[in-house]
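As provided, upload.txt (compact mmCIF, C-alpha atoms) reads as follows.
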```txt
# COMPACT_ATOMS: atom_id res chain seq x y z
CA MET A 1 -18.85 12.17 64.69
CA LYS A 2 -16.02 14.10 66.33
CA LEU A 3 -12.38 13.12 65.95
CA TYR A 4 -9.63 14.13 68.37
CA ALA A 5 -5.85 13.92 68.12
CA ASP A 6 -4.35 11.89 70.96
CA SER A 7 -0.97 13.56 71.01
CA ALA A 8 1.12 16.38 72.47
CA ARG A 9 3.43 16.63 69.45
CA LEU A 10 2.59 20.14 68.37
CA ASP A 11 4.32 19.83 65.00
CA ALA A 12 2.03 16.91 64.16
CA VAL A 13 -1.16 18.11 65.84
CA LEU A 14 -1.33 21.79 64.96
CA PRO A 15 -1.82 21.24 61.19
CA LEU A 16 -4.86 19.05 61.93
CA VAL A 17 -6.28 21.57 64.38
CA GLU A 18 -5.68 24.56 62.12
CA ALA A 19 -7.28 22.78 59.16
CA GLY A 20 -10.36 21.91 61.22
CA LEU A 21 -9.79 18.18 60.74
CA VAL A 22 -10.12 17.43 64.45
CA ALA A 23 -12.38 18.89 67.13
CA GLY A 24 -9.62 18.99 69.68
CA VAL A 25 -6.71 17.28 71.35
CA THR A 26 -6.51 14.69 74.12
CA THR A 27 -3.47 14.16 76.33
CA ASN A 28 -2.47 12.30 79.47
CA PRO A 29 0.75 12.06 81.49
CA THR A 30 2.03 9.16 79.38
CA ILE A 31 1.49 11.12 76.16
CA LEU A 32 3.11 14.23 77.62
CA ASP A 33 6.18 12.24 78.65
CA ARG A 34 6.39 10.41 75.32
CA ASP A 35 6.21 13.66 73.38
CA GLY A 36 8.81 15.49 75.45
CA HIS A 37 6.56 17.43 77.83
CA SER A 38 5.78 17.47 81.52
CA GLU A 39 2.85 18.66 83.63
CA ALA A 40 4.59 22.06 83.77
CA HIS A 41 3.98 22.44 80.03
CA ARG A 42 0.19 22.11 80.28
CA PRO A 43 -0.48 25.90 80.29
CA MET A 44 1.64 26.33 77.16
CA LEU A 45 -0.05 23.40 75.44
CA TYR A 46 -3.50 24.74 76.25
CA GLU A 47 -2.70 28.25 75.04
CA THR A 48 -1.07 27.00 71.83
CA LEU A 49 -3.87 24.61 70.97
CA ALA A 50 -6.60 27.12 71.80
CA ALA A 51 -4.94 29.75 69.63
CA ALA A 52 -4.83 27.24 66.77
CA GLY A 53 -8.59 26.70 67.05
CA ALA A 54 -8.98 23.52 69.11
CA ARG A 55 -12.54 23.45 70.41
CA GLU A 56 -11.83 21.04 73.26
CA ILE A 57 -8.50 20.46 75.00
CA PHE A 58 -8.25 17.52 77.38
CA LEU A 59 -5.63 17.75 80.14
CA GLN A 60 -5.29 15.20 82.91
CA ALA A 61 -5.05 15.99 86.61
CA VAL A 62 -2.43 14.09 88.57
CA GLY A 63 -2.06 13.27 92.24
CA ALA A 64 -1.23 10.28 94.41
CA ASP A 65 -4.26 10.82 96.65
CA GLU A 66 -7.62 12.55 96.50
CA ARG A 67 -6.39 15.78 98.04
CA SER A 68 -3.48 16.22 95.64
CA LEU A 69 -5.57 15.10 92.66
CA ARG A 70 -8.26 17.66 93.53
CA SER A 71 -5.67 20.40 93.97
CA ASP A 72 -4.10 19.70 90.60
CA ALA A 73 -7.49 19.49 88.89
CA GLU A 74 -8.52 22.84 90.36
CA SER A 75 -5.27 24.39 89.12
CA LEU A 76 -6.26 23.47 85.55
CA VAL A 77 -9.73 25.02 85.63
CA PRO A 78 -8.63 28.66 85.09
CA PHE A 79 -6.92 27.76 81.81
CA GLY A 80 -10.07 28.53 79.82
CA ASP A 81 -13.47 27.44 78.61
CA ARG A 82 -12.12 24.92 76.09
CA LEU A 83 -10.65 22.78 78.84
CA VAL A 84 -11.92 19.33 79.73
CA VAL A 85 -10.31 17.96 82.90
CA LYS A 86 -9.42 14.28 82.81
CA VAL A 87 -9.38 12.19 85.97
CA PRO A 88 -8.84 8.43 86.29
CA ALA A 89 -11.70 6.04 87.05
CA THR A 90 -10.54 5.41 90.61
CA ALA A 91 -12.22 6.10 93.95
CA ALA A 92 -10.29 9.36 94.26
CA GLY A 93 -10.93 10.20 90.63
CA PHE A 94 -14.69 9.76 90.89
CA SER A 95 -14.78 11.95 93.99
CA VAL A 96 -12.81 14.72 92.29
CA ALA A 97 -14.87 14.37 89.10
CA ALA A 98 -18.11 14.71 91.06
CA ALA A 99 -16.91 17.91 92.73
CA LEU A 100 -15.76 19.43 89.44
CA ALA A 101 -18.92 18.45 87.57
CA SER A 102 -21.15 19.90 90.29
CA GLY A 103 -19.33 23.18 89.76
CA GLY A 104 -19.96 23.14 86.01
CA VAL A 105 -16.48 22.01 84.95
CA PRO A 106 -16.46 19.56 82.00
CA VAL A 107 -14.86 16.32 83.15
CA LEU A 108 -13.74 13.17 81.37
CA VAL A 109 -13.40 10.02 83.45
CA THR A 110 -10.56 8.12 81.82
CA ALA A 111 -9.34 4.53 81.78
CA VAL A 112 -12.86 3.15 82.07
CA TYR A 113 -12.92 -0.64 81.81
CA SER A 114 -16.43 -1.66 82.95
CA VAL A 115 -20.08 -0.83 82.37
CA THR A 116 -20.52 0.00 86.05
CA GLN A 117 -17.73 2.56 85.87
CA ALA A 118 -19.48 4.10 82.88
CA ALA A 119 -22.75 4.22 84.79
CA SER A 120 -20.99 5.80 87.78
CA ALA A 121 -19.50 8.50 85.55
CA ALA A 122 -22.97 9.30 84.21
CA ALA A 123 -24.37 9.43 87.73
CA ILE A 124 -21.97 12.20 88.75
CA GLY A 125 -22.53 14.22 85.58
CA ALA A 126 -19.23 13.64 83.79
CA ALA A 127 -19.14 15.03 80.27
CA TYR A 128 -17.26 12.03 78.88
CA ILE A 129 -15.90 8.60 79.64
CA ALA A 130 -12.83 7.24 77.87
CA PRO A 131 -12.56 3.48 77.43
CA TYR A 132 -9.17 2.36 76.09
CA TYR A 133 -10.16 0.29 73.09
CA GLY A 134 -6.73 -1.06 72.23
CA ARG A 135 -6.07 -2.13 75.79
CA LEU A 136 -9.50 -3.73 76.03
CA ALA A 137 -8.70 -5.65 72.85
CA ASP A 138 -5.62 -7.00 74.61
CA SER A 139 -7.62 -8.27 77.57
CA VAL A 140 -11.22 -9.15 76.61
CA ALA A 141 -12.68 -11.34 73.90
CA ASP A 142 -15.05 -8.75 72.42
CA PRO A 143 -13.95 -5.16 73.15
CA LEU A 144 -16.49 -3.72 70.73
CA ALA A 145 -19.37 -5.36 72.57
CA LEU A 146 -18.09 -4.06 75.91
CA VAL A 147 -17.70 -0.50 74.62
CA SER A 148 -21.17 -0.71 73.07
CA ARG A 149 -22.63 -1.72 76.45
CA MET A 150 -20.85 1.20 78.10
CA ASP A 151 -22.27 3.54 75.50
CA ALA A 152 -25.76 2.07 75.90
CA VAL A 153 -25.81 2.65 79.64
CA LEU A 154 -25.07 6.34 79.04
CA ALA A 155 -28.15 6.84 76.85
CA GLY A 156 -30.10 9.90 77.94
CA SER A 157 -27.55 10.90 80.58
CA GLY A 158 -25.60 13.62 78.76
CA THR A 159 -22.37 11.70 79.30
CA ARG A 160 -20.65 10.74 76.04
CA THR A 161 -18.30 7.93 75.12
CA LEU A 162 -14.96 9.14 73.77
CA VAL A 163 -13.07 6.00 72.80
CA ALA A 164 -9.29 6.22 73.15
CA SER A 165 -6.43 3.88 72.20
CA VAL A 166 -7.87 3.40 68.71
CA ARG A 167 -4.96 1.75 66.94
CA SER A 168 -6.13 1.50 63.34
CA ALA A 169 -8.60 2.80 60.78
CA GLU A 170 -10.29 -0.61 60.88
CA ALA A 171 -10.91 -0.24 64.62
CA ALA A 172 -12.30 3.26 64.05
CA GLU A 173 -14.62 1.87 61.37
CA ALA A 174 -15.95 -0.81 63.69
CA LEU A 175 -16.57 1.74 66.44
CA ALA A 176 -18.32 4.14 64.06
CA LEU A 177 -20.59 1.37 62.78
CA ALA A 178 -21.42 0.49 66.39
CA GLY A 179 -22.65 4.04 66.94
CA ILE A 180 -19.65 5.59 68.70
CA ARG A 181 -19.52 9.28 67.86
CA HIS A 182 -16.32 10.43 69.59
CA ILE A 183 -12.95 8.87 68.85
CA THR A 184 -9.41 9.92 69.73
CA ALA A 185 -6.38 8.42 68.02
CA ASN A 186 -2.79 9.26 67.28
CA VAL A 187 -2.02 11.32 64.20
CA PRO A 188 -0.94 8.42 61.91
CA VAL A 189 -4.26 6.63 62.57
CA LEU A 190 -6.26 9.80 61.91
CA LEU A 191 -4.45 10.31 58.61
CA GLU A 192 -5.00 6.65 57.73
CA MET A 193 -8.73 7.17 58.29
CA MET A 194 -8.74 9.97 55.70
CA HIS A 195 -6.72 8.12 53.07
CA HIS A 196 -7.67 5.60 50.40
CA PRO A 197 -5.53 4.68 47.36
CA ALA A 198 -8.53 4.91 45.04
CA SER A 199 -9.20 8.46 46.20
CA GLU A 200 -5.60 9.42 45.52
CA ALA A 201 -5.80 7.86 42.06
CA SER A 202 -9.02 9.71 41.30
CA ALA A 203 -7.52 13.01 42.41
CA ALA A 204 -4.47 12.41 40.22
CA GLU A 205 -6.73 11.67 37.25
CA PHE A 206 -8.73 14.84 37.86
CA GLU A 207 -5.50 16.86 37.84
CA ARG A 208 -4.25 15.11 34.69
CA VAL A 209 -7.44 15.92 32.83
CA ALA A 210 -7.57 19.50 34.11
CA SER A 211 -3.97 20.20 33.20
CA GLY A 212 -4.58 18.94 29.66
CA ARG A 213 -7.25 21.47 28.86
```
What would the structure in this file look like if it were written as structure tokens?
Amino acid sequence: MKLYADSARLDAVLPLVEAGLVAGVTTNPTILDRDGHSEAHRPMLYETLAAAGAREIFLQAVGADERSLRSDAESLVPFGDRLVVKVPATAAGFSVAAALASGGVPVLVTAVYSVTQAASAAAIGAAYIAPYYGRLADSVADPLALVSRMDAVLAGSGTRTLVASVRSAEAAEALALAGIRHITANVPVLLEMMHHPASEASAAEFERVASGR
């Protein structure tokens, strides 16, 4: 399994990246705005995260139409070989994703809400799809079943499911048990996944015994 930090808060993300606790970082315009950044900060974010050791850095292209979306996506490509360009699962997004993928650029099709969108992303050679698990949970009866069907339709295609909007360690557990191997979540959820009170108690006991020698 690979875990990613869904955040642009460098003070929170860099310790996880530098420690090798996450494979990379995912962002989108909403995250950038929430964390005090804009699209103009994407070069700085890429360079900082790459220098810290992030293996994959996901930055989203923006544009109100296909032409502007393609132009923005192409402006991201020179950033470096750790970049994955995100585009939305819209008609314009699929067209831009297809062009990028045909040129060997890793692409993630984001905000995927249906199995047919997942299949379409695989058909154009996208590297990833990103269903929003939390948002699906708000709108469908069984989000885990839907994400599992998306993942199943990708089998053998080379396109991977990177589930976003994972709001709790319990949700991450359910996804992992369903076979999902790529998850992105905010830093508090990632830390929650690594924590258990019994583990902390055991570590404290180990230290107590060791210090008494």
**Study point:** Who sits within 12 Å of Thr184 (chain A), all atoms listed in the file, same chain under 2 positions skipped, as a ChimeraX atom specification
**Key:** /A:1-7,22-27,56-58,129-134,161-169,171-172,175,180-182,186-190,193
Review point. What is the CA of Phe206 (chain A) to CA of Glu18 (chain A) distance in Å?
Key: 26.3 Å
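Using all atoms listed in the file for every distance, the candidate list A:Ala89, A:Ala152, A:Leu146, A:Ala210 yields A:Ala89 as the residue closest to Ala126 (chain A).
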Check your understanding: So which residues fall inside 10 Å of (-22.4, 14.7, 78.2) if we count only C-alpha atoms? Mind giving them as a PyMOL selection string?
Key -> chain A and resi 106-108+122+125-129+154-161
Env of Ile124 (chain A): 8 Å cut, atoms = all atoms listed in the file, seq-sep filter 4 positions within chain, self excluded. Answer as a PDB file with C-alpha atoms, in the frame of the given file.
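Okay, this is what ended up in around-v7.pdb:
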```
ATOM      1  CA  PHE A  94     -14.690   9.760  90.890  1.00  0.00           C
ATOM      2  CA  ALA A  97     -14.870  14.370  89.100  1.00  0.00           C
ATOM      3  CA  ALA A  98     -18.110  14.710  91.060  1.00  0.00           C
ATOM      4  CA  ALA A 101     -18.920  18.450  87.570  1.00  0.00           C
ATOM      5  CA  SER A 102     -21.150  19.900  90.290  1.00  0.00           C
ATOM      6  CA  SER A 120     -20.990   5.800  87.780  1.00  0.00           C
TER       7      SER A 120
END
```
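Of the residues listed (A:Pro88, A:Pro197, A:Pro15, A:Gly212), A:Pro15 shows the shortest atom-to-atom separation from Gly53 (chain A); distances use all atoms listed in the file.
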Point to revise | Å distance separating CA of Ser75 (chain A) from CA of Ala99 (chain A), one decimal place | key: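 Result for CA of Ser75 (chain A) versus CA of Ala99 (chain A): 13.8 Å, one decimal.
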Exercise for review: Please indicate the distance in Å from CA of Ile31 (chain A) to CA of Val153 (chain A), rounded to one decimal place.
Suggested key: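 These two atoms are separated by 28.8 Å.
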**Study point:** Nearest residue to Val87 (chain A) from the set A:Ser202, A:Ser148, A:Gln60, A:Ser211 (distances using only C-alpha atoms)
**Key:**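 The shortest atom-to-atom distance to Val87 (chain A) comes from A:Gln60.
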Point to revise | Exercise: Met150 (chain A) partners within 9 Å, only C-alpha atoms, chain neighbours under 5 positions left out, as a VMD selection string | key: chain A and resid 113 to 119 131 145 161
Point to revise | Gly63 (chain A) surroundings by only C-alpha atoms, 10 Å radius, close-in-sequence under 2 positions cut, as a list in words | key: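 So, after excluding close chain neighbours, the residues are Ala61, Asp65, Glu66, Arg67, Ser68, Leu69, Arg70, Ser71, Asp72, Ala73, Val87, Ala92 and Gly93 of chain A.
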Find the axis-aligned box for region 133-139 of chain A, covering all its listed atoms and adding 3 Å on each side, and write its centre and edge lengths in Å to one decimal as AutoDock Vina command-line options.
```
--center_x -7.9 --center_y -4.0 --center_z 74.9 --size_x 10.5 --size_y 14.6 --size_z 11.3
```
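Considering all atoms listed in the file, the residue among A:Arg135, A:Val105, A:Leu49, A:Val209 positioned nearest to Leu16 (chain A) is A:Leu49.
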Review point. Closest to Leu45 (chain A) among A:Ala204, A:Ala19, A:Leu32, A:Val84, using all atoms listed in the file?
Key: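 Counting all atoms listed in the file, the residue closest to Leu45 (chain A) is A:Leu32.
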Practice item. Pick out the closest residue to Val17 (chain A) from this set: A:His37, A:His196, A:Arg42, A:Arg55. Count all atoms listed in the file. Key: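 Checking each candidate against Val17 (chain A), we get A:Arg55 as the closest.
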Write a file for region 77-184 of chain A of the given structure; include C-alpha atoms and format it as a PDB file, in the first residue's frame.
```pdb
ATOM      1  CA  VAL A  77       4.906  19.162 -17.200  1.00  0.00           C
ATOM      2  CA  PRO A  78       8.413  20.733 -17.094  1.00  0.00           C
ATOM      3  CA  PHE A  79       8.381  20.782 -13.285  1.00  0.00           C
ATOM      4  CA  GLY A  80      10.035  17.359 -13.116  1.00  0.00           C
ATOM      5  CA  ASP A  81       9.702  13.605 -13.294  1.00  0.00           C
ATOM      6  CA  ARG A  82       7.953  13.277  -9.929  1.00  0.00           C
ATOM      7  CA  LEU A  83       4.937  15.197 -11.175  1.00  0.00           C
ATOM      8  CA  VAL A  84       1.521  13.653 -11.704  1.00  0.00           C
ATOM      9  CA  VAL A  85      -0.896  16.035 -13.430  1.00  0.00           C
ATOM     10  CA  LYS A  86      -4.440  15.982 -12.108  1.00  0.00           C
ATOM     11  CA  VAL A  87      -7.391  16.799 -14.351  1.00  0.00           C
ATOM     12  CA  PRO A  88     -11.103  16.586 -13.513  1.00  0.00           C
ATOM     13  CA  ALA A  89     -13.318  13.805 -14.861  1.00  0.00           C
ATOM     14  CA  THR A  90     -15.110  16.094 -17.307  1.00  0.00           C
ATOM     15  CA  ALA A  91     -15.304  16.051 -21.101  1.00  0.00           C
ATOM     16  CA  ALA A  92     -12.497  18.612 -21.284  1.00  0.00           C
ATOM     17  CA  GLY A  93     -10.538  16.805 -18.606  1.00  0.00           C
ATOM     18  CA  PHE A  94     -10.662  13.452 -20.375  1.00  0.00           C
ATOM     19  CA  SER A  95      -9.515  15.057 -23.619  1.00  0.00           C
ATOM     20  CA  VAL A  96      -6.572  16.761 -21.925  1.00  0.00           C
ATOM     21  CA  ALA A  97      -5.734  13.591 -19.973  1.00  0.00           C
ATOM     22  CA  ALA A  98      -5.684  11.545 -23.173  1.00  0.00           C
ATOM     23  CA  ALA A  99      -3.273  13.967 -24.845  1.00  0.00           C
ATOM     24  CA  LEU A 100      -0.955  14.040 -21.833  1.00  0.00           C
ATOM     25  CA  ALA A 101      -1.000  10.270 -21.364  1.00  0.00           C
ATOM     26  CA  SER A 102      -0.234   9.663 -25.042  1.00  0.00           C
ATOM     27  CA  GLY A 103       2.860  11.801 -24.547  1.00  0.00           C
ATOM     28  CA  GLY A 104       4.017   9.758 -21.566  1.00  0.00           C
ATOM     29  CA  VAL A 105       2.932  12.205 -18.855  1.00  0.00           C
ATOM     30  CA  PRO A 106       1.506  10.534 -15.717  1.00  0.00           C
ATOM     31  CA  VAL A 107      -2.076  11.705 -15.253  1.00  0.00           C
ATOM     32  CA  LEU A 108      -4.628  11.323 -12.489  1.00  0.00           C
ATOM     33  CA  VAL A 109      -8.281  11.749 -13.408  1.00  0.00           C
ATOM     34  CA  THR A 110      -9.861  13.226 -10.309  1.00  0.00           C
ATOM     35  CA  ALA A 111     -13.381  13.522  -8.905  1.00  0.00           C
ATOM     36  CA  VAL A 112     -14.423  10.179 -10.376  1.00  0.00           C
ATOM     37  CA  TYR A 113     -17.927   9.198  -9.298  1.00  0.00           C
ATOM     38  CA  SER A 114     -18.895   6.287 -11.575  1.00  0.00           C
ATOM     39  CA  VAL A 115     -17.568   2.976 -12.870  1.00  0.00           C
ATOM     40  CA  THR A 116     -17.864   4.205 -16.454  1.00  0.00           C
ATOM     41  CA  GLN A 117     -15.660   7.189 -15.668  1.00  0.00           C
ATOM     42  CA  ALA A 118     -13.110   4.795 -14.192  1.00  0.00           C
ATOM     43  CA  ALA A 119     -13.254   2.644 -17.318  1.00  0.00           C
ATOM     44  CA  SER A 120     -12.845   5.737 -19.504  1.00  0.00           C
ATOM     45  CA  ALA A 121      -9.754   6.788 -17.553  1.00  0.00           C
ATOM     46  CA  ALA A 122      -8.247   3.333 -18.089  1.00  0.00           C
ATOM     47  CA  ALA A 123      -9.058   3.484 -21.791  1.00  0.00           C
ATOM     48  CA  ILE A 124      -6.973   6.637 -22.268  1.00  0.00           C
ATOM     49  CA  GLY A 125      -4.040   5.336 -20.237  1.00  0.00           C
ATOM     50  CA  ALA A 126      -4.375   7.458 -17.099  1.00  0.00           C
ATOM     51  CA  ALA A 127      -1.995   6.469 -14.324  1.00  0.00           C
ATOM     52  CA  TYR A 128      -4.605   6.947 -11.593  1.00  0.00           C
ATOM     53  CA  ILE A 129      -8.216   7.705 -10.864  1.00  0.00           C
ATOM     54  CA  ALA A 130      -9.275   9.458  -7.670  1.00  0.00           C
ATOM     55  CA  PRO A 131     -12.731   8.708  -6.296  1.00  0.00           C
ATOM     56  CA  TYR A 132     -13.720  10.968  -3.378  1.00  0.00           C
ATOM     57  CA  TYR A 133     -14.668   8.455  -0.726  1.00  0.00           C
ATOM     58  CA  GLY A 134     -16.031  10.886   1.831  1.00  0.00           C
ATOM     59  CA  ARG A 135     -18.193  12.642  -0.718  1.00  0.00           C
ATOM     60  CA  LEU A 136     -19.437   9.319  -2.054  1.00  0.00           C
ATOM     61  CA  ALA A 137     -20.363   8.367   1.507  1.00  0.00           C
ATOM     62  CA  ASP A 138     -22.488  11.513   1.638  1.00  0.00           C
ATOM     63  CA  SER A 139     -24.392  10.608  -1.509  1.00  0.00           C
ATOM     64  CA  VAL A 140     -24.584   6.823  -2.050  1.00  0.00           C
ATOM     65  CA  ALA A 141     -25.686   3.976   0.179  1.00  0.00           C
ATOM     66  CA  ASP A 142     -22.546   1.840  -0.180  1.00  0.00           C
ATOM     67  CA  PRO A 143     -19.482   3.899  -1.171  1.00  0.00           C
ATOM     68  CA  LEU A 144     -17.119   0.993  -0.514  1.00  0.00           C
ATOM     69  CA  ALA A 145     -18.952  -1.220  -2.994  1.00  0.00           C
ATOM     70  CA  LEU A 146     -18.859   1.515  -5.631  1.00  0.00           C
ATOM     71  CA  VAL A 147     -15.135   2.144  -5.166  1.00  0.00           C
ATOM     72  CA  SER A 148     -14.522  -1.612  -5.296  1.00  0.00           C
ATOM     73  CA  ARG A 149     -16.360  -1.812  -8.636  1.00  0.00           C
ATOM     74  CA  MET A 150     -14.274   1.066  -9.971  1.00  0.00           C
ATOM     75  CA  ASP A 151     -11.119  -0.715  -8.874  1.00  0.00           C
ATOM     76  CA  ALA A 152     -12.290  -3.993 -10.408  1.00  0.00           C
ATOM     77  CA  VAL A 153     -12.876  -2.445 -13.816  1.00  0.00           C
ATOM     78  CA  LEU A 154      -9.269  -1.217 -13.828  1.00  0.00           C
ATOM     79  CA  ALA A 155      -7.828  -4.715 -13.395  1.00  0.00           C
ATOM     80  CA  GLY A 156      -5.065  -5.358 -15.904  1.00  0.00           C
ATOM     81  CA  SER A 157      -5.173  -1.834 -17.313  1.00  0.00           C
ATOM     82  CA  GLY A 158      -2.239  -0.209 -15.513  1.00  0.00           C
ATOM     83  CA  THR A 159      -4.538   2.473 -14.117  1.00  0.00           C
ATOM     84  CA  ARG A 160      -4.628   2.523 -10.319  1.00  0.00           C
ATOM     85  CA  THR A 161      -7.241   3.650  -7.833  1.00  0.00           C
ATOM     86  CA  LEU A 162      -6.019   6.374  -5.480  1.00  0.00           C
ATOM     87  CA  VAL A 163      -8.879   6.996  -3.079  1.00  0.00           C
ATOM     88  CA  ALA A 164      -9.152  10.555  -1.780  1.00  0.00           C
ATOM     89  CA  SER A 165     -11.363  12.225   0.835  1.00  0.00           C
ATOM     90  CA  VAL A 166     -10.619   9.466   3.358  1.00  0.00           C
ATOM     91  CA  ARG A 167     -11.930  11.020   6.546  1.00  0.00           C
ATOM     92  CA  SER A 168     -10.953   8.505   9.225  1.00  0.00           C
ATOM     93  CA  ALA A 169      -8.701   5.582  10.063  1.00  0.00           C
ATOM     94  CA  GLU A 170     -11.797   3.361  10.028  1.00  0.00           C
ATOM     95  CA  ALA A 171     -12.524   4.355   6.430  1.00  0.00           C
ATOM     96  CA  ALA A 172      -8.894   3.656   5.500  1.00  0.00           C
ATOM     97  CA  GLU A 173      -9.165   0.223   7.133  1.00  0.00           C
ATOM     98  CA  ALA A 174     -12.286  -0.635   5.158  1.00  0.00           C
ATOM     99  CA  LEU A 175     -10.637   0.439   1.908  1.00  0.00           C
ATOM    100  CA  ALA A 176      -7.467  -1.531   2.641  1.00  0.00           C
ATOM    101  CA  LEU A 177      -9.474  -4.663   3.415  1.00  0.00           C
ATOM    102  CA  ALA A 178     -11.327  -4.186   0.121  1.00  0.00           C
ATOM    103  CA  GLY A 179      -8.008  -4.292  -1.725  1.00  0.00           C
ATOM    104  CA  ILE A 180      -7.374  -0.587  -2.308  1.00  0.00           C
ATOM    105  CA  ARG A 181      -3.631   0.010  -2.378  1.00  0.00           C
ATOM    106  CA  HIS A 182      -3.384   3.799  -2.752  1.00  0.00           C
ATOM    107  CA  ILE A 183      -4.978   6.185  -0.265  1.00  0.00           C
ATOM    108  CA  THR A 184      -4.598   9.917   0.278  1.00  0.00           C
TER     109      THR A 184
END
```
